[in-house]
Amino acid sequence: MVRSRLNLVGRRNRAGFSGTMRPIVNSAKDRHSEALHWRQRDERSAWFWGDKMDFDIPEEIKTYLAELDAFIAREIKPLEEQDDNIRFFDHRREYARTDWDNDGQPRHEWEELLGEMRRRADAAGHLRFALPKEYGGQDGSNLAMAVIREHLAEKGLGLHNDLQNESSIVGNFPQVLMFRDFGTPEQQDTFINGMLAGTHRVAFGLTEPDHGSDATWMETRAEPCTRDGVDGWLINGEKMWNTGLHVANYDMIFARTSGDDGAARGISCFLVPTDAPGFKIEEYLWTFNMPTDHPRISLTDVWVPDTALFGPRDGGLVLAQHFVHENRIRQAASGVGAAQYCISESVAYAKARKPFGKALASNQAIQFPLTELHTECEMVRNLVYKTAAQMDTMTKPEVAQRISDKVSMCNYRANRLVCEAADRAMQVHGGIGYSRHKPFEHIYRHHRRYRITEGSEEIQIRKVAGHLFGFIGK
Ligand SMILES: Cc1cc2nc3c(=O)[nH]c(=O)nc-3n(C[C@H](O)[C@H](O)[C@H](O)COP(=O)(O)OP(=O)(O)OC[C@H]3O[C@@H](n4cnc5c(N)ncnc54)[C@H](O)[C@@H]3O)c2cc1C
């Protein structure tokens, strides 16, 4: 009987280190057949046998990270430090950012500063990195975006990558790609150019006061209605949490146009101008992390022409699903980066702080929880990289069918991890960790949101269970 156990044998190829799993064998006969096996294997396609399993970050991505670092040092840090702009990031951050007397919305100066950061990043060619070349981008891959998002988050709070506003020197533009793939030529012309020029901002209205995870049970209705000889739709309903609506001139309103409650088919999406008669912001929801740009709105007999229909009639949910995997993997990568930041800061602090006359770091009660988090961070990071790299080899429908469970695993575990790491950082730092003079409370409050919003933790676990138990995917 051949007794074998698996051993990881590293092999070098042009691109860097690759690991292949080879059995360890005992007898001479076994060794001969083993040698033959590996020779035959090597003669076949390297790809087939896994020589492409490369764990190095590609050189061009590493080079790009260095370029981004230089840009931050040259153009973003000085901006962050001038005119007391640091108030938006230090212990005064929540106060400085929030216009408390204006429904808790973001202060104008705060959004102006973010706008200037984006203008500089665009002028330097970074902002649109992930977009196709036709829109001034660099066709950045999912892997590159994951590595970049992690890298930027690992630097901690700053204007280069603001958490609360989800603004970064390397932008995420899901809506541009939605319009490219589903817009009519007129919509593409108006909205893609408008969004890139900053004249058009579009919010996203899927969730309702009584329906979030179960969005297919939405109560908002759109019915055909002709006005002044123009065919169109009359929309009635309520929407909740339409992020960014305070500055948006359009809202993507999802409404049932046919079918039964709960059916995915029969929901359509409409581009509704926010100044349309009957479109009303009812209130801004104050959240764990302020300021807020998340209102509840009502739509009372809002009329739009047929040209406002965005994407297929009755098939509007494809829009909501179009970018979900890209968003989730990028968010997971940010979670990993922010978690690593919390861990690294805690290790450094534990070495420097000396309660009872010796370094805090000498206590296992301090070491072990951080070590556990560090271990988890390494594992989630590797799954994020692997999944992002796999996404780059697949079409969107293939990603949805074959690896949406892996994307969900990355997302929910990274969201959880960063919350645990921020919480642990507060603990290791003691009183000052709990204060706003350290960034951990901010990191916690921001990332806590993603355990609910980007497909909640439970909904993503349900996705993984669906693949595991065979009721979705593959
Ligand atoms: C800050 C913020 C920004 C947002 N931005 C937007 C936006 O721009 N546009 C938009 O349309 N929406 C937005 N949302 C809404 C967000 O997508 C929803 O909050 C989310 O989908 C969850 O829906 P819900 O809040 O109605 O919770 P519910 O669906 O009521 O769920 C309540 C809890 O029960 C869990 N749960 C639900 N079903 C199950 C189940 N079958 N098994 C086990 N557990 C379950 C959920 O995970 C959740 O924890 C935002 C929300 C927030 C907080």
# chains A, B, ... in the order shown; residues from 1 in each chain; ligands from 1
>>> residues_near_ligand(ligand="ligand 1", cutoff="7 Å", atoms="only C-alpha atoms and all ligand atoms", output="PDB file with N, CA and C atoms, in the first residue's frame")
ATOM      1  N   ALA A 203     -28.677  58.431  -7.702  1.00  0.00           N
ATOM      2  CA  ALA A 203     -28.800  57.588  -6.501  1.00  0.00           C
ATOM      3  C   ALA A 203     -29.477  56.272  -6.887  1.00  0.00           C
ATOM      4  N   PHE A 204     -29.544  55.367  -5.909  1.00  0.00           N
ATOM      5  CA  PHE A 204     -29.999  54.004  -6.192  1.00  0.00           C
ATOM      6  C   PHE A 204     -31.161  53.680  -5.258  1.00  0.00           C
ATOM      7  N   GLY A 205     -32.344  53.481  -5.828  1.00  0.00           N
ATOM      8  CA  GLY A 205     -33.525  53.303  -4.996  1.00  0.00           C
ATOM      9  C   GLY A 205     -34.172  51.936  -5.132  1.00  0.00           C
ATOM     10  N   LEU A 206     -33.630  50.983  -4.412  1.00  0.00           N
ATOM     11  CA  LEU A 206     -34.197  49.634  -4.433  1.00  0.00           C
ATOM     12  C   LEU A 206     -34.945  49.355  -3.118  1.00  0.00           C
ATOM     13  N   THR A 207     -34.272  49.625  -2.001  1.00  0.00           N
ATOM     14  CA  THR A 207     -34.831  49.296  -0.684  1.00  0.00           C
ATOM     15  C   THR A 207     -36.048  50.163  -0.351  1.00  0.00           C
ATOM     16  N   PRO A 209     -39.099  51.038   2.974  1.00  0.00           N
ATOM     17  CA  PRO A 209     -39.210  50.947   4.437  1.00  0.00           C
ATOM     18  C   PRO A 209     -39.544  49.528   4.919  1.00  0.00           C
ATOM     19  N   ASP A 210     -40.384  48.811   4.176  1.00  0.00           N
ATOM     20  CA  ASP A 210     -40.779  47.476   4.633  1.00  0.00           C
ATOM     21  C   ASP A 210     -40.090  46.330   3.888  1.00  0.00           C
ATOM     22  N   HIS A 211     -39.192  46.663   2.959  1.00  0.00           N
ATOM     23  CA  HIS A 211     -38.556  45.592   2.174  1.00  0.00           C
ATOM     24  C   HIS A 211     -37.108  45.932   1.839  1.00  0.00           C
ATOM     25  N   GLY A 212     -36.175  45.140   2.419  1.00  0.00           N
ATOM     26  CA  GLY A 212     -34.757  45.331   2.136  1.00  0.00           C
ATOM     27  C   GLY A 212     -34.185  44.055   1.543  1.00  0.00           C
ATOM     28  N   SER A 213     -33.876  43.076   2.410  1.00  0.00           N
ATOM     29  CA  SER A 213     -33.360  41.790   1.913  1.00  0.00           C
ATOM     30  C   SER A 213     -34.361  41.162   0.945  1.00  0.00           C
ATOM     31  N   ASP A 214     -35.629  41.402   1.195  1.00  0.00           N
ATOM     32  CA  ASP A 214     -36.683  40.841   0.343  1.00  0.00           C
ATOM     33  C   ASP A 214     -37.184  41.904  -0.654  1.00  0.00           C
ATOM     34  N   MET A 240     -36.239  53.823   0.670  1.00  0.00           N
ATOM     35  CA  MET A 240     -35.509  54.060   1.933  1.00  0.00           C
ATOM     36  C   MET A 240     -34.014  53.955   1.664  1.00  0.00           C
ATOM     37  N   TRP A 241     -33.202  54.745   2.370  1.00  0.00           N
ATOM     38  CA  TRP A 241     -31.747  54.631   2.297  1.00  0.00           C
ATOM     39  C   TRP A 241     -31.200  54.915   0.900  1.00  0.00           C
ATOM     40  N   ASN A 242     -31.719  55.957   0.232  1.00  0.00           N
ATOM     41  CA  ASN A 242     -31.184  56.244  -1.116  1.00  0.00           C
ATOM     42  C   ASN A 242     -29.918  57.096  -0.982  1.00  0.00           C
ATOM     43  N   THR A 243     -28.812  56.415  -0.777  1.00  0.00           N
ATOM     44  CA  THR A 243     -27.534  57.080  -0.488  1.00  0.00           C
ATOM     45  C   THR A 243     -27.146  58.092  -1.571  1.00  0.00           C
ATOM     46  N   THR A 287     -27.413  57.844  11.264  1.00  0.00           N
ATOM     47  CA  THR A 287     -26.867  56.496  11.439  1.00  0.00           C
ATOM     48  C   THR A 287     -25.719  56.487  12.445  1.00  0.00           C
ATOM     49  N   HIS A 294     -28.485  59.514   3.619  1.00  0.00           N
ATOM     50  CA  HIS A 294     -29.369  58.363   3.389  1.00  0.00           C
ATOM     51  C   HIS A 294     -30.826  58.713   3.711  1.00  0.00           C
ATOM     52  N   ARG A 449     -21.323  48.841   9.076  1.00  0.00           N
ATOM     53  CA  ARG A 449     -22.431  49.010   8.131  1.00  0.00           C
ATOM     54  C   ARG A 449     -22.492  47.870   7.108  1.00  0.00           C
ATOM     55  N   ILE A 452     -24.505  44.767   7.126  1.00  0.00           N
ATOM     56  CA  ILE A 452     -25.943  44.877   6.865  1.00  0.00           C
ATOM     57  C   ILE A 452     -26.258  45.254   5.423  1.00  0.00           C
ATOM     58  N   THR A 453     -25.389  46.073   4.796  1.00  0.00           N
ATOM     59  CA  THR A 453     -25.861  46.737   3.575  1.00  0.00           C
ATOM     60  C   THR A 453     -25.512  46.099   2.229  1.00  0.00           C
ATOM     61  N   GLU A 454     -24.376  45.510   2.062  1.00  0.00           N
ATOM     62  CA  GLU A 454     -24.008  45.101   0.688  1.00  0.00           C
ATOM     63  C   GLU A 454     -24.438  43.656   0.451  1.00  0.00           C
ATOM     64  N   GLY A 455     -25.726  43.376   0.749  1.00  0.00           N
ATOM     65  CA  GLY A 455     -26.142  41.995   0.923  1.00  0.00           C
ATOM     66  C   GLY A 455     -25.703  41.688   2.343  1.00  0.00           C
ATOM     67  N   SER A 456     -26.641  41.624   3.282  1.00  0.00           N
ATOM     68  CA  SER A 456     -26.265  41.489   4.686  1.00  0.00           C
ATOM     69  C   SER A 456     -25.516  40.172   4.913  1.00  0.00           C
ATOM     70  N   GLU A 457     -24.909  40.098   6.090  1.00  0.00           N
ATOM     71  CA  GLU A 457     -24.151  38.893   6.445  1.00  0.00           C
ATOM     72  C   GLU A 457     -25.014  37.633   6.254  1.00  0.00           C
ATOM     73  N   GLU A 458     -26.228  37.693   6.743  1.00  0.00           N
ATOM     74  CA  GLU A 458     -27.094  36.500   6.663  1.00  0.00           C
ATOM     75  C   GLU A 458     -27.431  36.160   5.205  1.00  0.00           C
ATOM     76  N   ILE A 459     -27.662  37.186   4.415  1.00  0.00           N
ATOM     77  CA  ILE A 459     -28.033  36.937   3.011  1.00  0.00           C
ATOM     78  C   ILE A 459     -26.836  36.340   2.261  1.00  0.00           C
TER      79      ILE A 459
END
>>> residues_around(residues="Thr371 (chain A)", least_positions_apart="4", cutoff="12 Å", atoms="only C-alpha atoms", output="list of chain:residue names")
A:Gln340, A:Ile343, A:Ser344, A:Ser346, A:Val347, A:Ala361, A:Gln364, A:Ala365, A:Ile366, A:Gln367, A:Thr375, A:Glu376, A:Cys377, A:Glu378, A:Ala421, A:Arg424
>>> atom_distance(atom1="CA of Phe288 (chain A)", atom2="CA of Ser167 (chain A)")
18.6 Å
>>> atom_distance(atom1="CA of Glu81 (chain A)", atom2="CA of Ile148 (chain A)")
23.2 Å
>>> closest_residue(among="A:Lys239, A:Lys155, A:Arg149, A:Lys438", to="Asn327 (chain A)", atoms="only C-alpha atoms")
A:Arg149
>>> atom_distance(atom1="CA of Glu283 (chain A)", atom2="CA of Met195 (chain A)")
25.5 Å
